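Novice: Contents of start-v9.txt (compact mmCIF, C-alpha atoms) are given next:
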# COMPACT_ATOMS: atom_id res chain seq x y z
CA MET D 1110 0.00 0.00 0.00
CA SER D 1111 1.20 3.44 -0.85
CA ASN D 1112 2.03 5.65 2.12
CA SER D 1113 0.03 8.36 0.43
CA LEU D 1114 -3.28 6.47 0.81
CA ARG D 1115 -5.63 7.32 3.62
CA GLN D 1116 -8.86 5.76 4.81
CA GLN D 1117 -12.23 7.49 4.68
CA VAL D 1118 -14.88 5.89 6.85
CA LEU D 1119 -18.61 6.08 6.40
CA VAL D 1120 -20.96 4.66 9.02
CA LEU D 1121 -24.58 4.15 8.02
CA TYR D 1122 -27.43 3.13 10.29
CA LEU D 1123 -30.26 1.54 8.37
CA ALA D 1124 -33.94 0.98 9.02
CA ASN D 1125 -33.51 -2.81 9.03
CA SER D 1126 -30.88 -5.47 8.38
CA ALA D 1127 -31.15 -5.22 4.57
CA LEU D 1128 -28.40 -3.21 2.95
CA ASP D 1129 -30.93 -1.63 0.61
CA SER D 1130 -33.09 -0.26 3.43
CA PRO D 1131 -33.23 3.50 4.15
CA VAL D 1132 -30.53 5.36 6.08
CA THR D 1133 -31.71 6.62 9.49
CA ALA D 1134 -28.41 7.96 10.86
CA TRP D 1135 -24.85 8.41 9.67
CA ALA D 1136 -21.30 9.48 10.48
CA ARG D 1137 -18.26 10.29 8.36
CA TYR D 1138 -14.55 10.43 9.16
CA ASP D 1139 -11.91 11.58 6.71
CA GLY D 1140 -8.39 10.25 7.21
CA THR D 1141 -6.98 12.66 4.62
CA GLY D 1142 -7.80 15.60 6.89
CA THR D 1143 -9.39 17.39 3.96
CA THR D 1144 -12.83 17.55 5.51
CA ARG D 1145 -14.05 17.49 9.09
CA HIS D 1146 -17.52 16.18 9.79
CA GLN D 1147 -19.04 17.26 13.08
CA ALA D 1148 -22.03 16.20 15.11
CA GLY D 1149 -25.23 17.76 13.84
CA GLY D 1150 -23.57 19.14 10.73
CA ASP D 1151 -25.82 17.53 8.11
CA GLU D 1152 -29.57 17.35 7.84
CA GLU D 1153 -29.68 14.89 4.94
CA PRO D 1154 -27.72 11.63 4.73
CA PRO D 1155 -25.03 11.25 2.05
CA TYR D 1156 -26.87 8.22 0.61
CA ALA D 1157 -30.48 7.10 0.70
CA THR D 1158 -29.56 3.45 1.37
CA GLY D 1159 -26.54 1.30 2.11
CA LEU D 1160 -26.72 -0.08 -1.41
CA ALA D 1161 -26.38 3.43 -2.85
CA ALA D 1162 -23.10 3.79 -0.94
CA LEU D 1163 -21.82 0.54 -2.50
CA GLN D 1164 -22.79 1.80 -5.92
CA ASP D 1165 -20.73 4.92 -5.27
CA GLY D 1166 -17.59 2.92 -4.58
CA TRP D 1167 -17.67 2.49 -0.79
CA ARG D 1168 -16.44 -0.92 0.40
CA LEU D 1169 -18.45 -2.58 3.16
CA ILE D 1170 -16.08 -3.69 5.93
CA GLN D 1171 -18.41 -4.48 8.83
CA ALA D 1172 -22.10 -5.12 9.42
CA SER D 1173 -24.05 -5.65 12.65
CA PRO D 1174 -24.92 -9.29 13.28
CA LEU D 1175 -28.51 -10.26 14.06
CA ILE D 1176 -28.65 -11.18 17.72
CA ASP D 1177 -31.37 -13.21 19.45
CA HIS D 1178 -33.45 -11.25 21.93
CA LYS D 1179 -32.34 -11.97 25.46
CA SER D 1180 -35.14 -13.34 27.59
CA GLY D 1181 -36.64 -10.62 29.76
CA ASP D 1182 -35.04 -7.92 27.68
CA GLU D 1183 -37.11 -8.19 24.52
CA PHE D 1184 -38.64 -4.73 24.78
CA ARG D 1185 -35.61 -2.74 25.81
CA THR D 1186 -34.38 -0.32 23.16
CA GLY D 1187 -30.92 1.19 23.21
CA TYR D 1188 -28.27 1.56 20.54
CA PHE D 1189 -29.11 1.48 16.86
CA LYS D 1190 -29.25 -2.08 15.62
CA TYR D 1191 -28.26 -1.92 11.97
CA GLU D 1192 -24.81 -0.40 11.77
CA PHE D 1193 -22.74 -0.71 8.59
CA PHE D 1194 -19.13 0.45 8.25
CA PHE D 1195 -17.78 1.37 4.83
CA GLU D 1196 -14.38 2.56 3.69
CA LYS D 1197 -12.63 4.15 0.77
CA LEU D 1198 -8.89 4.38 0.37
CA VAL D 1199 -8.00 7.68 -1.23
CA PRO D 1200 -4.75 9.49 -2.02
CA LEU D 1201 -3.74 12.46 0.05
CA PRO D 1202 -4.42 15.78 -1.67
CA GLY D 1203 -1.70 16.56 -4.19
CA GLU D 1204 -0.41 12.97 -4.26
CA ASP D 1205 -0.67 10.89 -7.44
CA LEU D 1206 -0.82 7.11 -7.38
CA ASP D 1207 1.60 5.30 -9.68
CA MET P 167 -48.82 14.85 28.21
CA ALA P 168 -49.18 12.24 25.47
CA ASN P 169 -46.82 14.35 23.40
CA PHE P 170 -44.34 14.35 26.27
CA ALA P 171 -44.66 10.56 26.63
CA SER P 172 -44.16 10.18 22.90
CA ARG P 173 -41.43 12.73 22.13
CA GLY P 174 -39.84 13.44 25.52
CA PHE P 175 -40.15 17.20 25.89
CA VAL P 176 -42.45 20.16 26.47
CA ARG P 177 -41.53 23.51 24.92
CA LEU P 178 -42.73 26.79 26.46
CA ASP P 179 -41.86 29.70 24.18
CA ALA P 180 -40.98 32.99 25.90
CA VAL P 181 -42.42 31.79 29.21
CA VAL P 182 -39.90 33.93 31.10
CA PRO P 183 -40.64 37.66 30.66
CA LYS P 184 -38.18 40.07 29.08
CA SER P 185 -37.25 41.87 32.31
CA LEU P 186 -36.23 38.61 34.03
CA ASN P 187 -34.31 37.45 30.98
CA ALA P 188 -32.36 40.72 30.97
CA GLN P 189 -31.61 40.49 34.69
CA PHE P 190 -30.53 36.87 34.35
CA LEU P 191 -28.26 37.63 31.38
CA ASP P 192 -26.62 40.38 33.45
CA GLU P 193 -26.12 37.85 36.22
CA LEU P 194 -24.56 35.34 33.81
CA GLU P 195 -22.23 37.95 32.36
CA ARG P 196 -21.13 38.92 35.87
CA THR P 197 -20.68 35.28 36.85
CA PHE P 198 -18.68 34.28 33.82
CA GLY P 199 -16.75 37.50 33.39
CA VAL P 200 -17.95 38.21 29.91
CA ARG P 201 -18.08 41.90 30.66
CA ASP P 202 -17.21 44.09 33.61
CA ALA P 203 -20.04 44.87 35.95
CA ALA P 204 -20.37 47.01 39.01
CA ASN P 205 -21.76 44.19 41.13
CA GLY P 206 -20.42 40.72 41.71
CA SER P 207 -22.20 37.49 40.88
CA THR P 208 -24.98 36.28 43.15
CA MET P 209 -25.52 33.03 41.25
CA PRO P 210 -26.18 30.48 43.99
CA ALA P 211 -24.48 27.09 44.32
CA VAL P 212 -27.11 24.69 45.66
CA ALA P 213 -26.61 21.39 47.46
CA ALA P 214 -27.79 18.38 45.47
CA GLY P 215 -31.15 17.11 46.68
CA THR P 216 -32.47 20.48 47.86
CA ASP P 217 -36.24 20.97 47.70
CA ILE P 218 -36.86 23.20 44.69
CA ASP P 219 -39.01 25.55 46.78
CA GLN P 220 -36.04 26.07 49.13
CA ALA P 221 -33.33 26.21 46.49
CA PHE P 222 -33.81 29.85 45.51
CA SER P 223 -35.33 32.64 47.60
CA PRO P 224 -38.10 34.79 46.08
CA ASP P 225 -35.76 37.79 45.93
CA GLN P 226 -33.24 35.94 43.74
CA ILE P 227 -33.66 36.07 39.95
CA LEU P 228 -33.81 32.30 39.68
CA GLY P 229 -36.30 32.26 42.56
CA GLN P 230 -38.58 34.56 40.60
CA ILE P 231 -38.20 32.50 37.43
CA MET P 232 -38.90 29.18 39.13
CA ARG P 233 -42.03 30.66 40.71
CA LEU P 234 -43.54 31.83 37.42
CA PRO P 235 -47.00 30.20 37.50
CA ARG P 236 -46.88 28.72 33.99
CA LEU P 237 -43.40 27.27 34.48
CA LYS P 238 -44.15 25.98 37.97
CA GLY P 239 -47.35 24.40 36.66
CA ALA P 240 -45.46 22.60 33.91
CA ILE P 241 -42.82 21.36 36.35
CA GLU P 242 -45.41 20.08 38.82
CA SER P 243 -47.38 18.42 36.01
CA LEU P 244 -44.32 16.30 35.28
CA VAL P 245 -42.49 15.72 38.58
CA GLY P 246 -45.07 16.94 41.07
CA PRO P 247 -44.69 19.32 43.98
CA GLY P 248 -41.63 19.19 46.23
CA SER P 249 -39.22 18.01 43.55
CA LEU P 250 -35.51 18.00 44.34
CA LEU P 251 -32.90 20.10 42.62
CA ASP P 252 -30.36 17.53 41.43
CA HIS P 253 -27.97 20.12 39.99
CA HIS P 254 -27.94 23.22 37.89
CA PHE P 255 -25.34 24.42 35.42
CA VAL P 256 -24.72 27.11 32.83
CA HIS P 257 -23.36 26.22 29.41
CA VAL P 258 -21.41 29.19 28.04
CA LEU P 259 -20.54 28.90 24.37
CA PRO P 260 -18.36 31.65 22.91
CA PRO P 261 -18.44 32.39 19.18
CA ALA P 262 -16.40 29.91 17.11
CA SER P 263 -14.40 32.84 15.72
CA LYS P 264 -13.11 33.66 19.22
CA ILE P 265 -12.18 30.02 19.90
CA GLU P 266 -10.44 29.66 16.56
CA ALA P 267 -8.54 32.94 17.10
CA THR P 268 -6.74 31.23 19.99
CA GLY P 269 -5.59 28.39 17.74
CA ARG P 270 -8.15 25.88 19.02
CA SER P 271 -10.86 24.29 16.91
CA ALA P 272 -14.54 24.89 17.57
CA ASN P 273 -16.19 21.52 18.09
CA ALA P 274 -19.79 20.45 18.23
CA GLN P 275 -20.56 18.45 21.35
CA HIS P 276 -21.07 14.76 20.68
CA LEU P 277 -24.55 13.36 20.99
CA HIS P 278 -25.12 12.02 24.50
CA GLN P 279 -27.65 11.20 27.18
CA ASP P 280 -27.02 12.90 30.51
CA SER P 281 -25.96 11.13 33.72
CA THR P 282 -25.50 7.38 33.24
CA ILE P 283 -27.53 4.21 32.60
CA ASP P 284 -30.90 4.86 34.21
CA VAL P 285 -33.49 2.08 34.38
CA ARG P 286 -35.96 3.68 36.79
CA LYS P 287 -39.67 3.73 36.05
CA ALA P 288 -39.71 7.26 37.49
CA PHE P 289 -38.22 10.06 35.44
CA ASP P 290 -36.41 13.32 36.07
CA ILE P 291 -36.85 16.44 34.02
CA GLN P 292 -34.21 18.85 32.85
CA LEU P 293 -35.10 22.47 32.25
CA PHE P 294 -33.24 24.05 29.34
CA TYR P 295 -33.73 27.81 29.73
CA TYR P 296 -32.54 30.17 26.98
CA PRO P 297 -32.51 33.74 28.36
CA GLN P 298 -31.61 35.22 24.96
CA GLU P 299 -33.06 34.70 21.50
CA ILE P 300 -31.40 31.69 19.88
CA THR P 301 -30.93 32.08 16.16
CA GLU P 302 -29.91 29.38 13.70
CA ASP P 303 -26.28 30.56 13.56
CA MET P 304 -25.91 30.38 17.36
CA GLY P 305 -25.80 26.58 17.30
CA GLY P 306 -28.68 25.93 19.66
CA THR P 307 -28.95 22.61 21.45
CA ARG P 308 -29.38 19.66 19.12
CA TYR P 309 -31.86 17.06 20.37
CA LEU P 310 -33.55 13.94 19.10
CA PRO P 311 -37.31 13.78 19.72
CA GLY P 312 -38.49 10.37 20.88
CA SER P 313 -35.08 9.13 22.08
CA HIS P 314 -35.88 9.43 25.80
CA LEU P 315 -36.96 5.83 26.43
CA ARG P 316 -33.79 4.29 25.02
CA ILE P 317 -31.42 2.83 27.60
CA VAL P 318 -27.90 3.85 26.65
CA ASN P 319 -24.85 5.01 28.54
CA GLU P 320 -24.01 8.70 28.19
CA ALA P 321 -21.57 9.37 25.32
CA ALA P 322 -21.63 5.80 24.02
CA ILE P 323 -23.90 7.21 21.31
CA ALA P 324 -21.32 9.82 20.24
CA ARG P 325 -20.73 7.97 16.98
CA TYR P 326 -24.21 8.96 15.81
CA GLN P 327 -23.10 12.22 14.18
CA ASN P 328 -26.39 12.91 12.46
CA VAL P 329 -29.77 11.32 12.89
CA ARG P 330 -32.84 11.82 10.73
CA GLY P 331 -35.30 14.05 12.59
CA GLN P 332 -32.69 15.72 14.81
CA GLN P 333 -33.73 19.21 15.88
CA HIS P 334 -31.74 22.35 16.63
CA VAL P 335 -33.15 24.79 19.16
CA GLU P 336 -34.12 28.15 17.68
CA CYS P 337 -36.35 30.14 19.98
CA PRO P 338 -37.33 33.53 21.34
CA ALA P 339 -35.72 34.78 24.54
CA GLY P 340 -37.19 33.29 27.69
CA THR P 341 -37.99 29.89 26.19
CA VAL P 342 -37.82 26.84 28.43
CA PHE P 343 -37.74 23.23 27.30
CA LEU P 344 -38.70 20.65 29.91
CA MET P 345 -36.89 17.53 28.77
CA HIS P 346 -37.25 13.94 29.96
CA HIS P 347 -33.84 13.01 31.41
CA GLY P 348 -33.28 10.44 28.68
CA ILE P 349 -33.40 12.76 25.67
CA TRP P 350 -30.32 12.48 23.43
CA HIS P 351 -28.79 15.89 22.87
CA GLY P 352 -25.62 17.92 22.33
CA GLY P 353 -24.44 21.48 21.82
CA SER P 354 -23.65 22.74 18.35
CA ILE P 355 -21.09 25.25 17.10
CA ASN P 356 -21.85 28.92 17.70
CA ARG P 357 -21.22 30.64 14.35
CA SER P 358 -22.64 33.97 15.49
CA GLU P 359 -20.68 36.77 17.10
CA ARG P 360 -22.55 36.52 20.42
CA THR P 361 -21.83 34.28 23.38
CA ARG P 362 -24.63 31.75 23.80
CA TYR P 363 -25.96 30.83 27.24
CA LEU P 364 -27.99 27.84 28.32
CA TYR P 365 -29.14 27.45 31.89
CA LYS P 366 -29.86 23.82 32.77
CA LEU P 367 -31.56 22.53 35.89
CA ARG P 368 -32.38 18.91 36.73
CA LEU P 369 -35.24 17.92 39.03
CA ASN P 370 -35.99 14.56 40.68
CA PRO P 371 -39.57 13.66 41.69
CA THR P 372 -40.49 12.91 45.29
CA VAL P 373 -44.06 11.81 44.56
CA SER P 374 -45.59 9.14 42.35
CA GLN P 375 -45.85 10.60 38.85
CA VAL P 376 -49.47 9.58 38.32
CA ARG P 377 -52.09 12.02 36.99
CA LEU P 378 -50.13 15.05 38.11
CA TRP P 379 -51.35 17.08 35.14
CA ASP P 380 -54.77 18.46 34.20
CA THR P 381 -56.54 15.40 32.75
CA THR P 382 -59.88 17.07 32.08
CA ASP P 383 -59.34 16.91 28.32
CA LEU P 384 -58.95 13.11 28.29
CA ASN P 385 -62.03 11.58 26.71
CA ASP P 386 -63.43 8.16 25.90
CA GLU P 387 -62.03 8.21 22.37
CA ASP P 388 -58.53 8.52 23.81
CA VAL P 389 -58.76 5.27 25.75
CA ALA P 390 -61.29 3.07 23.89
CA GLN P 391 -59.99 0.43 21.47
CA ARG P 392 -60.55 1.45 17.85
CA PRO P 393 -60.16 -0.13 14.41
CA ILE P 394 -56.53 -0.55 13.35
CA PHE P 395 -54.87 -1.23 10.00
CA PHE P 396 -58.12 -1.35 7.98
CA VAL P 397 -60.00 1.79 8.90
CA ARG P 398 -62.86 3.49 7.11
CA GLU P 399 -62.00 7.04 8.07
CA ALA P 400 -58.83 8.91 8.93
CA GLN P 401 -57.97 8.86 12.60
CA ASP P 402 -57.74 12.05 14.61
CA PRO P 403 -54.02 12.95 14.88
CA ALA P 404 -54.71 14.69 18.21
CA ASN P 405 -56.12 11.50 19.74
CA VAL P 406 -53.83 10.17 22.49
CA GLN P 407 -53.49 6.82 20.73
CA SER P 408 -52.48 8.54 17.48
CA ILE P 409 -49.86 10.58 19.30
CA LEU P 410 -48.38 7.53 21.02
CA THR P 411 -48.13 5.58 17.77
CA LYS P 412 -46.67 8.29 15.56
CA GLY P 413 -43.17 7.33 14.44
CA GLU P 414 -40.03 9.45 14.26
CA PRO P 415 -37.93 9.70 11.06
CA TRP P 416 -35.07 7.80 12.74
CA PHE P 417 -37.12 4.82 13.90
CA GLU P 418 -35.93 1.44 12.73
CA MET P 419 -38.76 -0.61 11.27
CA ASP P 420 -38.77 -3.21 14.04
CA THR P 421 -37.70 -1.24 17.10
CA GLY P 422 -40.04 1.59 16.10
CA ARG P 423 -42.83 -0.74 17.15
CA ILE P 424 -41.04 -1.43 20.43
CA GLU P 425 -40.96 2.34 20.94
CA TYR P 426 -44.77 2.41 20.66
CA ILE P 427 -45.01 -0.35 23.26
CA ASN P 428 -42.65 1.45 25.62
CA ARG P 429 -44.54 4.71 25.17
CA ILE P 430 -47.82 2.94 25.96
CA ARG P 431 -46.35 1.39 29.11
CA PHE P 432 -44.97 4.81 30.09
CA PHE P 433 -48.39 6.39 29.57
CA ARG P 434 -50.05 3.60 31.58
CA ARG P 435 -47.88 4.59 34.53
CA LEU P 436 -48.69 8.29 34.05
CA LEU P 437 -52.40 7.48 33.91
CA GLY P 438 -52.30 4.90 36.69
CA ASP P 439 -54.27 2.61 34.38
CA ARG P 440 -52.82 -0.83 33.62
CA THR P 441 -55.46 -1.48 30.97
CA PHE P 442 -54.71 1.52 28.78
CA ASP P 443 -53.56 0.69 25.28
CA ALA P 444 -52.98 2.45 21.97
CA ASN P 445 -53.87 0.70 18.73
CA TYR P 446 -53.87 -2.68 20.54
CA TRP P 447 -50.05 -2.96 20.61
CA VAL P 448 -49.81 -4.17 24.21
CA SER P 449 -53.19 -5.93 24.54
CA ARG P 450 -52.15 -8.33 21.78
CA LEU P 451 -49.01 -9.29 23.72
CA GLU P 452 -51.01 -9.77 26.92
CA CYS P 453 -53.54 -12.10 25.32
CA GLU P 454 -52.52 -15.47 26.78
CA PRO P 455 -55.66 -17.52 27.52
CA ASP P 456 -53.69 -20.48 28.91
CA THR P 457 -52.00 -18.25 31.44
CA ILE P 458 -55.36 -16.84 32.48
CA VAL P 459 -56.71 -20.39 32.99
CA ASP P 460 -53.58 -21.38 34.92
CA ASN P 461 -53.97 -18.40 37.19
CA LEU P 462 -57.64 -19.20 37.80
CA ASN P 463 -56.74 -22.78 38.74
CA SER P 464 -53.82 -21.91 41.00
So that I can check it, write out the structure of this file as structure tokens.

Specialist:
Amino acid sequence: MSNSLRQQVLVLYLANSALDSPVTAWARYDGTGTTRHQAGGDEEPPYATGLAALQDGWRLIQASPLIDHKSGDEFRTGYFKYEFFFEKLVPLPGEDLD
Amino acid sequence: MANFASRGFVRLDAVVPKSLNAQFLDELERTFGVRDAANGSTMPAVAAGTDIDQAFSPDQILGQIMRLPRLKGAIESLVGPGSLLDHHFVHVLPPASKIEATGRSANAQHLHQDSTIDVRKAFDIQLFYYPQEITEDMGGTRYLPGSHLRIVNEAAIARYQNVRGQQHVECPAGTVFLMHHGIWHGGSINRSERTRYLYKLRLNPTVSQVRLWDTTDLNDEDVAQRPIFFVREAQDPANVQSILTKGEPWFEMDTGRIEYINRIRFFRRLLGDRTFDANYWVSRLECEPDTIVDNLNS
């Protein structure tokens, strides 16, 4: 891997476990330092679905597993269930890849 | 109250009059040294667990604010009389330009739930009082309606940078939000040239939180079972059952239904009525004829 490559990370939270379901929440981190995404900075998600992110070149690197509901805890809600991590490897600004 | 059970907050626009807002802003500026003032700060530090009626004397600015009839009525509708002041605090947010001029970066506060994991059936409220007008560029508090019943641990939710349906406070001076303690929220960046102030006060109940509010507008249609799924006419959106089963943009398809169930159970406790239901969500789950027979035979 070239030392001039950096990782961009996109986290999408979807409405169910299907990758083509709608985005309900999202986060972005840019390892190139070109952009800084902050809490509350966007009102609209970058993609309508997880599939749309794939189609735009993001590589899926992690997805939430489906976990059985623990007895006695079936109706507790907490963290978002359908979390998908994507990445892109991009060159640093001003750097060309050979 | 159904709206509070469903979305987790009550908003009272300009409930604090202009003269008190101005006096309180002066007090804040004295306290936090934003500008020179002839008199020193009289902002009181209050021991945790102090009865709210004893926390501030009537001659103090906060004492006058907390005794405003409309605000006091809202507080007592939620946590009853004799609630305890858990803590109070002032968030002071300078303009981003001033922060950046010192070489630091202006950061939005991560999304979080206050305190820690809280599994009580009772609930606290947090007053968010804005003594000045909050405009869009001032980065008013960001909050997520309907998040209050989720059990999470403080900043564990910080990764959720943006959530569909998130709101940013914009309001006239003197506005108070009464938030359920579980509401997810965070401060945003102040892009204006004015320092932004938020006075926050948390109250714990000392009485059972059952029918503390004016229930005279509850009617039979709010509590009677009604047709669901196939209906012949549109349902009244102001009906309590409609309010409790209205989704938020961020709801997941499956846990959105769990949210309805948790709201219904929350409203049962507020009503003191174990049979209350909305759109049959909980009655269906309680329909276990074998269990009923077993209980009769035991």

Novice: Taking only C-alpha atoms into account, report as JSON, numbers by chain which residues of chain D lie within 9 Å of chain P.

Specialist: {"D": [1120, 1122, 1123, 1124, 1125, 1132, 1133, 1134, 1135, 1136, 1137, 1146, 1147, 1148, 1149, 1150, 1151, 1152, 1153, 1154, 1183, 1184, 1185, 1186, 1187, 1188, 1189, 1190, 1191]}

Novice: Between CA of Gly229 (chain P) and CA of Met345 (chain P), what distance in Å does the model show, to one decimal?

Specialist: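 So the answer is 20.2 Å.
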
Novice: In Å, how far is it from CA of Ile241 (chain P) to CA of Leu344 (chain P)?

Specialist: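 That distance, rounded to one decimal, is 7.7 Å.
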
Novice: Please determine, counting all atoms listed in the file, which residue among D:Gly1166, D:Asn1112, D:Ala1161, D:Leu1121 has the shortest atom-to-atom distance to Lys1197 (chain D).

Specialist: D:Gly1166

Novice: Skip Val245 (chain P) itself and residues of its chain fewer than 3 positions away, then list as a ChimeraX atom specification all residues within 9 Å of it, counting only C-alpha atoms.

Specialist: /P:240-242,248-249,288-291,369-375,378

Novice: Here is a test: counting all atoms listed in the file, which residue of D:Leu1160, D:Leu1114, D:Ile1176, D:Leu1201 is nearest to Ala1127 (chain D)?

Specialist: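 Selected residue with least distance to Ala1127 (chain D): D:Leu1160.
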
Novice: I'd like the interatomic distance between CA of Gly340 (chain P) and CA of Met304 (chain P), to a tenth of an Å.

Specialist: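 The value is 15.6 Å.
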
Novice: What lies within 9 Å of region 387-400 of chain P using all atoms listed in the file, ignoring chain neighbours under 6 positions off, as a list in words?

Specialist: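 Surrounding residues, per the criterion: Val406, Gln407, Ser408, Phe442, Asp443, Ala444, Asn445 and Tyr446 of chain P.
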
Novice: Got a sec: who's within 9 Å of Arg1168 (chain D), counting all atoms listed in the file, leaving out chain neighbours fewer than 5 positions off, as a PyMOL selection string?

Specialist: chain D and resi 1162-1163+1194-1197

Novice: Using only C-alpha atoms, determine which residues lie at most 9 Å from Gln1116 (chain D), disregarding the query and same-chain residues fewer than 2 positions distant; provide the list as a VMD selection string.

Specialist: chain D and resid 1114 1118 1138 to 1141 1196 to 1200

Novice: Just the residues within 9 Å of Ala213 (chain P), please, counting all atoms listed in the file, with nothing from its chain fewer than 5 positions along; format it as a list of chain:residue names.

Specialist: P:Ala221, P:Leu251, P:Asp252, P:His253

Novice: Between D:Gln1164, D:Asp1129, D:Pro1155, D:Ser1113, which one has atoms that come closest to Pro1202 (chain D), using only C-alpha atoms?

Specialist: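 Once distances to Pro1202 (chain D) are computed over only C-alpha atoms, the minimum belongs to D:Ser1113.
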